[in-house]
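A.B. asks: File follows, input-v4.cif with mmCIF, C-alpha atoms and all ligand atoms:
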```cif
data_query
#
loop_
_atom_site.label_atom_id
_atom_site.label_comp_id
_atom_site.auth_asym_id
_atom_site.auth_seq_id
_atom_site.Cartn_x
_atom_site.Cartn_y
_atom_site.Cartn_z
CA MET A 232 81.95 -20.54 62.97
CA SER A 233 78.20 -20.87 62.73
CA GLU A 234 78.00 -17.75 60.61
CA LEU A 235 80.42 -19.01 58.01
CA THR A 236 78.02 -19.84 55.24
CA GLU A 237 78.61 -19.31 51.57
CA GLU A 238 75.20 -17.68 51.32
CA ARG A 239 76.17 -15.08 53.86
CA PHE A 240 79.34 -14.24 51.98
CA ARG A 241 77.39 -13.78 48.82
CA GLU A 242 74.97 -11.51 50.63
CA ARG A 243 77.90 -9.47 51.83
CA ALA A 244 79.52 -9.44 48.47
CA GLU A 245 76.37 -8.14 46.88
CA ALA A 246 75.52 -5.68 49.61
CA PRO A 247 75.24 -2.16 48.20
CA GLY A 248 78.37 -0.15 48.78
CA ASN A 249 80.56 -3.15 49.46
CA ASP A 250 83.74 -2.20 47.75
CA ALA A 251 85.18 -5.70 47.60
CA GLY A 252 87.83 -4.64 50.04
CA ASP A 253 89.74 -2.69 47.47
CA GLY A 254 90.03 0.27 49.72
CA THR A 255 88.00 2.78 47.79
CA SER A 256 84.67 2.97 49.56
CA ALA A 257 85.53 5.80 51.92
CA ALA A 258 85.55 8.39 49.23
CA ALA A 259 83.21 6.78 46.79
CA GLY A 260 80.74 4.81 48.84
CA GLY A 261 78.21 7.30 50.20
CA SER A 262 76.24 6.13 53.18
CA ILE A 263 77.12 2.95 55.05
CA SER A 264 74.84 0.01 54.46
CA VAL A 265 75.39 -1.53 57.87
CA GLN A 266 72.06 -1.67 59.65
CA PRO A 267 71.80 -0.17 63.15
CA ASP A 268 71.29 -3.60 64.73
CA GLU A 269 74.40 -4.94 63.00
CA PHE A 270 76.79 -2.72 64.92
CA HIS A 271 78.61 -4.25 67.82
CA HIS A 272 77.43 -2.61 70.96
CA ALA A 273 80.73 -1.66 72.52
CA ARG A 274 80.71 -2.37 76.20
CA ASP A 275 81.11 0.33 78.77
CA ILE A 276 84.83 1.09 78.99
CA GLY A 277 84.67 0.81 82.77
CA GLU A 278 84.14 -2.95 82.32
CA LEU A 279 87.09 -3.43 80.00
CA GLU A 280 90.73 -4.24 80.48
CA LYS A 281 93.15 -1.93 78.71
CA VAL A 282 95.69 -3.61 76.45
CA PHE A 283 97.36 -0.44 75.19
CA GLU A 284 97.38 3.07 76.58
CA LEU A 285 98.73 5.62 74.14
CA GLU A 286 99.67 8.88 75.77
CA SER A 287 100.51 11.73 73.42
CA LEU A 288 102.27 9.34 71.08
CA SER A 289 104.01 11.00 68.14
CA VAL A 290 106.11 9.54 65.37
CA SER A 291 108.46 11.32 63.00
CA TYR A 292 110.65 10.09 60.18
CA ALA A 293 114.03 11.84 59.88
CA GLY A 294 112.64 14.63 62.04
CA VAL A 295 109.52 15.11 59.91
CA PRO A 296 106.34 14.48 61.93
CA ALA A 297 104.07 11.76 60.53
CA VAL A 298 101.52 11.50 63.31
CA LYS A 299 101.16 13.73 66.36
CA GLU A 300 99.98 13.40 69.94
CA VAL A 301 97.75 10.36 69.73
CA SER A 302 96.11 9.49 73.04
CA MET A 303 93.78 6.54 73.17
CA ASP A 304 93.17 3.31 75.06
CA ILE A 305 92.77 0.00 73.24
CA TYR A 306 90.76 -2.70 74.99
CA LYS A 307 91.08 -6.43 75.44
CA ASN A 308 88.93 -8.73 73.29
CA GLU A 309 87.76 -5.91 71.10
CA VAL A 310 88.34 -5.09 67.46
CA THR A 311 89.66 -1.54 67.22
CA ALA A 312 89.63 0.07 63.78
CA LEU A 313 91.90 2.88 62.58
CA ILE A 314 90.40 4.78 59.67
CA GLY A 315 91.29 7.93 57.78
CA PRO A 316 92.60 9.18 54.46
CA SER A 317 95.84 8.04 52.91
CA GLY A 318 98.92 9.46 54.61
CA CYS A 319 97.24 10.27 57.94
CA GLY A 320 99.55 7.86 59.76
CA LYS A 321 97.45 4.73 60.29
CA SER A 322 100.26 2.34 59.33
CA THR A 323 102.76 4.41 61.28
CA LEU A 324 100.54 4.22 64.34
CA ILE A 325 99.74 0.50 64.13
CA ARG A 326 103.44 -0.26 63.64
CA CYS A 327 104.19 1.46 66.96
CA LEU A 328 102.05 -1.12 68.73
CA ASN A 329 104.55 -3.94 68.16
CA ARG A 330 107.65 -1.82 67.69
CA MET A 331 107.83 -2.52 63.99
CA ASN A 332 108.90 1.12 63.55
CA ASP A 333 112.16 0.13 65.27
CA LEU A 334 113.05 -1.46 61.94
CA VAL A 335 112.86 1.94 60.21
CA PRO A 336 116.15 3.66 61.14
CA THR A 337 114.79 7.20 60.69
CA ALA A 338 111.65 6.64 62.79
CA GLU A 339 111.45 8.31 66.18
CA VAL A 340 108.63 7.59 68.61
CA THR A 341 107.89 10.00 71.47
CA GLY A 342 105.20 10.04 74.14
CA ARG A 343 104.20 6.95 76.05
CA LEU A 344 102.83 3.60 75.03
CA LEU A 345 101.81 1.25 77.80
CA TYR A 346 101.10 -2.41 77.09
CA HIS A 347 99.21 -4.03 79.96
CA GLY A 348 100.48 -1.16 82.07
CA GLU A 349 104.17 -1.61 81.13
CA ASP A 350 106.13 0.84 79.00
CA LEU A 351 106.45 -0.94 75.64
CA TYR A 352 109.45 1.22 74.79
CA GLY A 353 111.12 0.70 78.17
CA PRO A 354 114.83 -0.22 78.25
CA LYS A 355 114.24 -3.80 79.41
CA VAL A 356 111.69 -4.70 76.76
CA ASP A 357 112.86 -7.12 74.07
CA PRO A 358 111.31 -6.12 70.70
CA VAL A 359 111.50 -9.74 69.49
CA GLN A 360 109.41 -10.88 72.43
CA VAL A 361 107.04 -7.97 71.78
CA ARG A 362 106.48 -9.15 68.20
CA LYS A 363 105.68 -12.65 69.44
CA LEU A 364 103.01 -11.33 71.78
CA ILE A 365 101.77 -8.75 69.32
CA GLY A 366 101.61 -10.33 65.88
CA MET A 367 101.01 -8.58 62.59
CA VAL A 368 99.19 -9.41 59.37
CA PHE A 369 100.03 -7.21 56.40
CA GLN A 370 98.14 -5.87 53.41
CA LYS A 371 99.72 -8.33 51.02
CA PRO A 372 99.78 -11.95 52.15
CA ASN A 373 103.44 -12.81 52.68
CA PRO A 374 103.77 -16.57 53.25
CA PHE A 375 107.24 -18.08 53.24
CA PRO A 376 108.21 -20.11 50.14
CA LYS A 377 107.64 -23.30 52.09
CA SER A 378 104.88 -25.82 52.62
CA ILE A 379 101.62 -24.86 54.30
CA TYR A 380 102.66 -26.93 57.31
CA GLU A 381 106.10 -25.34 57.56
CA ASN A 382 104.66 -21.84 57.34
CA VAL A 383 102.66 -22.47 60.48
CA ALA A 384 105.26 -24.59 62.30
CA PHE A 385 108.10 -22.11 61.73
CA GLY A 386 107.26 -19.67 64.55
CA PRO A 387 106.45 -22.26 67.24
CA ARG A 388 109.65 -24.13 66.36
CA ILE A 389 111.85 -21.02 66.53
CA LEU A 390 110.29 -20.14 69.87
CA GLY A 391 110.76 -23.68 71.13
CA MET A 392 107.08 -24.05 71.95
CA LYS A 393 106.30 -27.27 73.73
CA GLY A 394 103.73 -29.77 72.47
CA ASP A 395 103.00 -31.91 69.45
CA MET A 396 103.79 -29.85 66.34
CA ASP A 397 101.05 -31.52 64.27
CA GLU A 398 98.53 -30.48 66.89
CA ILE A 399 99.89 -26.94 67.07
CA VAL A 400 99.65 -26.62 63.28
CA GLU A 401 96.13 -28.06 63.14
CA LYS A 402 94.90 -25.81 65.94
CA ALA A 403 96.27 -22.69 64.24
CA LEU A 404 94.83 -23.67 60.84
CA ARG A 405 91.46 -24.40 62.44
CA GLY A 406 91.65 -21.08 64.27
CA ALA A 407 92.20 -19.34 60.95
CA ALA A 408 89.23 -21.18 59.36
CA LEU A 409 91.56 -22.83 56.87
CA TRP A 410 91.96 -26.42 58.10
CA ASP A 411 89.20 -27.99 56.04
CA GLU A 412 90.51 -26.43 52.85
CA VAL A 413 94.13 -27.50 53.31
CA LYS A 414 94.21 -30.57 55.54
CA ASP A 415 94.87 -32.88 52.58
CA ARG A 416 97.69 -30.78 51.14
CA LEU A 417 99.72 -29.60 54.09
CA ASP A 418 102.94 -30.43 52.24
CA SER A 419 102.06 -28.27 49.22
CA ASN A 420 103.83 -25.00 48.71
CA ALA A 421 101.94 -22.06 50.22
CA PHE A 422 102.38 -20.11 46.98
CA GLY A 423 99.89 -22.48 45.35
CA MET A 424 97.08 -21.15 47.52
CA SER A 425 94.62 -18.41 46.55
CA GLY A 426 95.23 -14.91 47.91
CA GLY A 427 92.45 -15.28 50.47
CA GLN A 428 93.84 -18.62 51.61
CA GLN A 429 97.33 -17.16 51.82
CA GLN A 430 96.03 -14.35 54.00
CA ARG A 431 94.33 -16.86 56.33
CA LEU A 432 97.59 -18.82 56.37
CA CYS A 433 99.34 -15.66 57.52
CA ILE A 434 96.71 -15.33 60.25
CA ALA A 435 97.31 -19.00 61.18
CA ARG A 436 101.04 -18.31 61.30
CA CYS A 437 100.37 -15.37 63.56
CA ILE A 438 98.07 -17.22 66.00
CA ALA A 439 100.29 -20.35 66.07
CA VAL A 440 102.67 -18.60 68.46
CA GLU A 441 99.75 -17.80 70.77
CA PRO A 442 99.94 -14.02 70.67
CA ASP A 443 97.95 -11.64 72.81
CA VAL A 444 97.21 -9.07 70.13
CA ILE A 445 96.84 -9.27 66.35
CA LEU A 446 97.54 -6.15 64.31
CA MET A 447 96.15 -6.07 60.78
CA ASP A 448 97.09 -3.36 58.30
CA GLU A 449 94.50 -3.44 55.51
CA PRO A 450 94.36 -7.25 55.59
CA CYS A 451 91.62 -7.51 52.98
CA SER A 452 92.58 -4.88 50.48
CA ALA A 453 94.00 -7.48 48.07
CA LEU A 454 91.09 -9.90 48.51
CA ASP A 455 87.81 -10.57 46.75
CA PRO A 456 84.51 -10.08 48.64
CA ILE A 457 84.15 -13.75 49.58
CA SER A 458 87.63 -13.96 51.07
CA THR A 459 87.04 -10.59 52.71
CA GLY A 460 83.86 -11.95 54.30
CA LYS A 461 85.77 -14.97 55.57
CA ILE A 462 88.43 -12.82 57.19
CA GLU A 463 85.79 -10.56 58.71
CA ASP A 464 83.94 -13.52 60.21
CA LEU A 465 87.24 -14.87 61.41
CA MET A 466 87.93 -11.62 63.25
CA MET A 467 84.66 -12.07 65.13
CA GLU A 468 85.89 -15.48 66.29
CA LEU A 469 89.44 -14.38 67.01
CA LYS A 470 88.47 -11.48 69.22
CA ARG A 471 87.16 -13.93 71.81
CA GLU A 472 90.73 -14.99 72.39
CA PHE A 473 92.80 -12.07 71.14
CA SER A 474 92.59 -8.31 70.89
CA ILE A 475 92.64 -7.01 67.34
CA VAL A 476 93.63 -3.68 65.84
CA ILE A 477 92.81 -3.21 62.17
CA VAL A 478 93.59 -0.49 59.67
CA THR A 479 91.05 -0.33 56.88
CA HIS A 480 90.00 2.00 54.08
CA ASN A 481 86.80 0.05 53.79
CA MET A 482 84.13 1.88 55.77
CA GLN A 483 81.73 -1.06 55.55
CA GLN A 484 84.37 -3.26 57.06
CA ALA A 485 85.16 -0.90 59.93
CA ALA A 486 81.45 -0.56 60.65
CA ARG A 487 80.86 -4.32 60.49
CA VAL A 488 83.79 -5.72 62.39
CA SER A 489 84.99 -3.21 64.93
CA ASP A 490 83.79 -2.31 68.39
CA ARG A 491 85.63 0.99 68.52
CA THR A 492 86.92 3.24 65.77
CA ALA A 493 89.56 5.94 65.71
CA PHE A 494 89.32 8.46 62.87
CA LEU A 495 92.54 10.23 61.93
CA MET A 496 93.01 13.10 59.52
CA VAL A 497 95.87 14.93 57.93
CA GLU A 498 96.53 18.30 59.50
CA LEU A 499 98.48 21.08 57.77
CA ASP A 500 100.51 23.86 59.40
CA ALA A 501 100.00 27.54 58.52
CA THR A 502 102.45 27.34 55.61
CA GLU A 503 100.60 24.28 54.26
CA GLN A 504 104.04 22.78 53.64
CA ASN A 505 104.07 20.45 56.60
CA ARG A 506 101.47 17.80 57.29
CA TRP A 507 100.92 15.11 59.86
CA GLY A 508 98.14 12.89 61.10
CA ARG A 509 96.11 13.52 64.20
CA ILE A 510 93.17 11.77 65.84
CA VAL A 511 89.92 13.60 65.22
CA GLU A 512 87.62 11.28 67.12
CA TYR A 513 87.75 7.92 68.88
CA ASP A 514 84.60 6.28 70.10
CA ALA A 515 82.32 3.26 69.88
CA THR A 516 82.02 2.32 66.21
CA GLU A 517 78.25 2.70 66.29
CA LYS A 518 78.64 6.29 67.47
CA ILE A 519 81.33 7.12 64.92
CA PHE A 520 79.14 5.85 62.08
CA THR A 521 75.72 6.99 63.22
CA ASN A 522 76.21 10.03 65.41
CA PRO A 523 79.79 11.29 65.32
CA GLY A 524 80.79 14.16 67.56
CA ASP A 525 82.88 15.98 64.95
CA PRO A 526 81.58 17.16 61.56
CA ARG A 527 84.85 16.06 59.92
CA THR A 528 84.16 12.48 61.00
CA GLU A 529 80.66 12.69 59.61
CA ASP A 530 81.94 13.99 56.27
CA TYR A 531 84.51 11.22 56.05
CA VAL A 532 82.36 8.26 57.04
CA SER A 533 79.51 9.43 54.84
CA GLY A 534 81.89 9.73 51.89
CA LYS A 535 81.64 13.49 51.45
CA VAL A 536 85.42 13.82 51.64
CA GLY A 537 88.13 11.32 50.92
N1 LIG B 1 109.37 4.43 56.27
C1 LIG B 1 109.03 5.72 56.13
N2 LIG B 1 109.97 6.67 55.93
C2 LIG B 1 109.64 7.98 55.79
N3 LIG B 1 108.38 8.44 55.85
C3 LIG B 1 107.41 7.56 56.03
C4 LIG B 1 107.66 6.14 56.19
N4 LIG B 1 106.48 5.49 56.36
C5 LIG B 1 105.54 6.46 56.33
N5 LIG B 1 106.08 7.68 56.13
C6 LIG B 1 105.35 8.97 56.04
O1 LIG B 1 104.50 9.07 57.18
C7 LIG B 1 103.25 9.61 56.82
C8 LIG B 1 102.14 8.64 57.23
O2 LIG B 1 102.27 7.47 56.43
P1 LIG B 1 101.49 6.14 56.72
O3 LIG B 1 102.01 5.12 55.79
O4 LIG B 1 101.54 5.86 58.17
O5 LIG B 1 100.00 6.58 56.33
P2 LIG B 1 98.69 5.70 56.14
O6 LIG B 1 97.59 6.42 56.87
O7 LIG B 1 98.97 4.29 56.52
O8 LIG B 1 98.44 5.82 54.57
P3 LIG B 1 97.76 4.75 53.55
O9 LIG B 1 96.30 4.80 53.84
O10 LIG B 1 98.09 5.29 52.21
O11 LIG B 1 98.37 3.40 53.81
C9 LIG B 1 103.30 9.89 55.33
O12 LIG B 1 103.61 11.23 55.13
C10 LIG B 1 104.41 8.98 54.84
O13 LIG B 1 105.05 9.52 53.73
MG MG B 2 98.99 2.48 55.45
#
```
Translate the structure described by the file into structure tokens.
C.D. replies:
Amino acid sequence: MSELTEERFRERAEAPGNDAGDGTSAAAGGSISVQPDEFHHARDIGELEKVFELESLSVSYAGVPAVKEVSMDIYKNEVTALIGPSGCGKSTLIRCLNRMNDLVPTAEVTGRLLYHGEDLYGPKVDPVQVRKLIGMVFQKPNPFPKSIYENVAFGPRILGMKGDMDEIVEKALRGAALWDEVKDRLDSNAFGMSGGQQQRLCIARCIAVEPDVILMDEPCSALDPISTGKIEDLMMELKREFSIVIVTHNMQQAARVSDRTAFLMVELDATEQNRWGRIVEYDATEKIFTNPGDPRTEDYVSGKVG
């Protein structure tokens, strides 16, 4: 956590083009203010372990396609960003990765999705176990109406995790960079925390059950720049232990935190009545933001189109 200084957050907050995480920079921001040496240099994919392999994955709702034929590999200990305009299927796609779409009765997933080489949608896979291994943090912090301690202890208790519960709770809160702020009020209701603290509590709740992957769907869009900076720094720490997939509308954030970025766009059929999302380009984040292979990516990341 050496980088977690207030000064640094303020720098971030005041950086030109930082949209305070409110999800508007893609269309409005213009060029990205991340300096070339600030990009993560994504390692050669030959060196990396695949966590997910998506093979022509499509999702429809009540027969209407939402996202079509997505093929991409997601790597261990990386932050993978999904970007693209509203409605292009980012949430739909990220929800496939822990079978959250199972909870939508009209959703149908086709194609293949391998998780560490195993079919995630195979008949023997238990979706509850999947959601333990592949946790999710949502746009709006959603703590339970319980104490800070109970929010974190809930998952480990349900799962019957062995070990001292106080230690499990402390470890998760430390992991979410929240311990120092809450250690003297663990019995207070979580609703009394700030939004940024609540979001870190949700991250603590997620990591308490020792997942393998953390999915984050616009985790900072309800947060101020300082809280956003804290979550971004946290992601840098968390990726040492976990693999992270994040959906964000904030181009600065994708450029700053991710190793690899997938850009999706809405595609229309000839009648222009039917639309669905499709991957335009997926590559190292540095390449996507500095030298994309597709002009549509360039237009989007430079803010020419929203
Ligand atoms: N539960 C649902 N039932 C029916 N259609 C849905 C459902 N969820 C999403 N869709 C449709 O799927 C398409 C993709 O939506 P999705 O929410 O995945 O987009 P998104 O890229 O996350 O958008 P945003 O940036 O606004 O969050 C849209 O046309 C949307 O209306
Ligand atoms: Mg969404």
A.B. asks: Could you give me, as a VMD selection string, the residues within 10 Å of Pro387 (chain A), counting all atoms listed in the file and dropping anything in the same chain fewer than 3 positions from it?
C.D. replies: chain A and resid 363 383 to 384 390 to 394 396 399 to 400 436 to 441
A.B. asks: Select the residues contacting ligand MG 2 (chain B) at a distance of at most 10 Å, based on all atoms listed in the file, then format the selection as an MDAnalysis selection string.
C.D. replies: chainID A and resid 314:326 369:370 448:449 478:480
A.B. asks: Print the selection's residues with C-alpha atoms to a file, as a CSV table (one decimal), in the frame of the given file.
C.D. replies:
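See selection20.csv below for the written result:
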```csv
chain,number,residue,atom,x,y,z
A,314,ILE,CA,90.4,4.8,59.7
A,315,GLY,CA,91.3,7.9,57.8
A,316,PRO,CA,92.6,9.2,54.5
A,317,SER,CA,95.8,8.0,52.9
A,318,GLY,CA,98.9,9.5,54.6
A,319,CYS,CA,97.2,10.3,57.9
A,320,GLY,CA,99.6,7.9,59.8
A,321,LYS,CA,97.4,4.7,60.3
A,322,SER,CA,100.3,2.3,59.3
A,323,THR,CA,102.8,4.4,61.3
A,324,LEU,CA,100.5,4.2,64.3
A,325,ILE,CA,99.7,0.5,64.1
A,326,ARG,CA,103.4,-0.3,63.6
A,369,PHE,CA,100.0,-7.2,56.4
A,370,GLN,CA,98.1,-5.9,53.4
A,448,ASP,CA,97.1,-3.4,58.3
A,449,GLU,CA,94.5,-3.4,55.5
A,478,VAL,CA,93.6,-0.5,59.7
A,479,THR,CA,91.0,-0.3,56.9
A,480,HIS,CA,90.0,2.0,54.1
```
A.B. asks: Name the residues, using the chain letters and numbers of the file, that sit within 10 Å of (102.6, -25.5, 57.1) when counting all atoms listed in the file, and give them as a list in words.
C.D. replies: Pro374, Phe375, Lys377, Ser378, Ile379, Tyr380, Glu381, Asn382, Val383, Ala384, Phe385, Asp397, Val400, Glu401, Ala403, Leu404, Val413, Lys414, Arg416, Leu417, Asp418, Ser419, Asn420, Ala421, Leu432, Ala435 and Arg436 of chain A
A.B. asks: Report, in Å to a single decimal, how far apart CA of Val335 (chain A) and CA of Pro354 (chain A) are.
C.D. replies: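 So the answer is 18.3 Å.
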A.B. asks: Fewer than 4 positions away in the same chain doesn't count, so skip those; otherwise give me all residues within 6 Å of region 282-298 of chain A, counting all atoms listed in the file, as a PyMOL selection string.
C.D. replies: chain A and resi 302-307+320+337-347+507-509
A.B. asks: Of the residues A:Glu309, A:Asp411, A:Glu498, A:Glu280, which is the one nearest to ligand LIG 1 (chain B), using only C-alpha atoms and all ligand atoms?
C.D. replies: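 Checking each of A:Glu309, A:Asp411, A:Glu498, A:Glu280 against ligand LIG 1 (chain B), counting only C-alpha atoms and all ligand atoms, the winner is A:Glu498.
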A.B. asks: List the neighbours of Gln428 (chain A) out to 9 Å using all atoms listed in the file; skip same-chain residues closer than 6 positions along the sequence, and give me the result as a PyMOL selection string.
C.D. replies: chain A and resi 372+409+412+421+458
A.B. asks: Filtering to C-alpha atoms, could you give me those residues as a PDB file, keeping the file's coordinate frame?
C.D. replies:
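The resulting file, result_27.pdb, is shown below:
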```pdb
ATOM      1  CA  PRO A 372      99.780 -11.950  52.150  1.00  0.00           C
ATOM      2  CA  LEU A 409      91.560 -22.830  56.870  1.00  0.00           C
ATOM      3  CA  GLU A 412      90.510 -26.430  52.850  1.00  0.00           C
ATOM      4  CA  ALA A 421     101.940 -22.060  50.220  1.00  0.00           C
ATOM      5  CA  SER A 458      87.630 -13.960  51.070  1.00  0.00           C
TER       6      SER A 458
END
```
A.B. asks: Excluding Lys470 (chain A) and any residue of its chain fewer than 3 positions from it, enumerate the residues within 10 Å of it, using only C-alpha atoms, and give them as a PyMOL selection string.
C.D. replies: chain A and resi 307-310+444-445+465-467+473-476+489
A.B. asks: Between A:Leu279, A:Val532, A:Gly426, A:Ile519, which one has atoms that come closest to Asn481 (chain A), using only C-alpha atoms?
C.D. replies: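 Ranked by minimum distance to Asn481 (chain A), first place goes to A:Val532.
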A.B. asks: If I take CA of Ala501 (chain A) and CA of Val536 (chain A), how far is one from the other in Å, to one decimal?
C.D. replies: 21.2 Å
A.B. asks: Just to confirm, what's the straight-line distance from CA of Asp464 (chain A) to CA of Arg431 (chain A) in Å (one decimal)?
C.D. replies: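 Value for the CA of Asp464 (chain A)-CA of Arg431 (chain A) distance: 11.6 Å.
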A.B. asks: For Tyr513 (chain A), which of A:Ile365, A:Pro526, A:Phe494, A:Phe270 is the closest residue, counting all atoms listed in the file?
C.D. replies: A:Phe494
A.B. asks: Check the smallest atom-to-atom distance from each of A:Leu351, A:Ala407, A:Ile434, A:Leu313 to ligand LIG 1 (chain B) using only C-alpha atoms and all ligand atoms, then report the winner.
C.D. replies: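 Counting only C-alpha atoms and all ligand atoms, the residue closest to ligand LIG 1 (chain B) is A:Leu313.
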A.B. asks: Set up a box along x, y and z of the file covering all listed atoms of ligand LIG 1 (chain B), add 5 Å on every one of the six sides, and write the centre and edge lengths in Å to one decimal, as lines of an AutoDock Vina configuration file.
C.D. replies:
```
center_x = 103.1
center_y = 7.3
center_z = 55.2
size_x = 23.7
size_y = 17.8
size_z = 16.0
```
A.B. asks: Would you mind telling me which residue in A:Arg506, A:Arg362, A:Arg405, A:His272 lies nearest to ligand LIG 1 (chain B) when using all atoms listed in the file?
C.D. replies: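 Looking only at the distances to ligand LIG 1 (chain B), the closest residue turns out to be A:Arg506.
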A.B. asks: Of the residues A:Arg274, A:Pro336, A:Arg527, A:Leu446, which is the one nearest to ligand LIG 1 (chain B), using only C-alpha atoms and all ligand atoms?
C.D. replies: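 Smallest distance to ligand LIG 1 (chain B) is found for A:Pro336.
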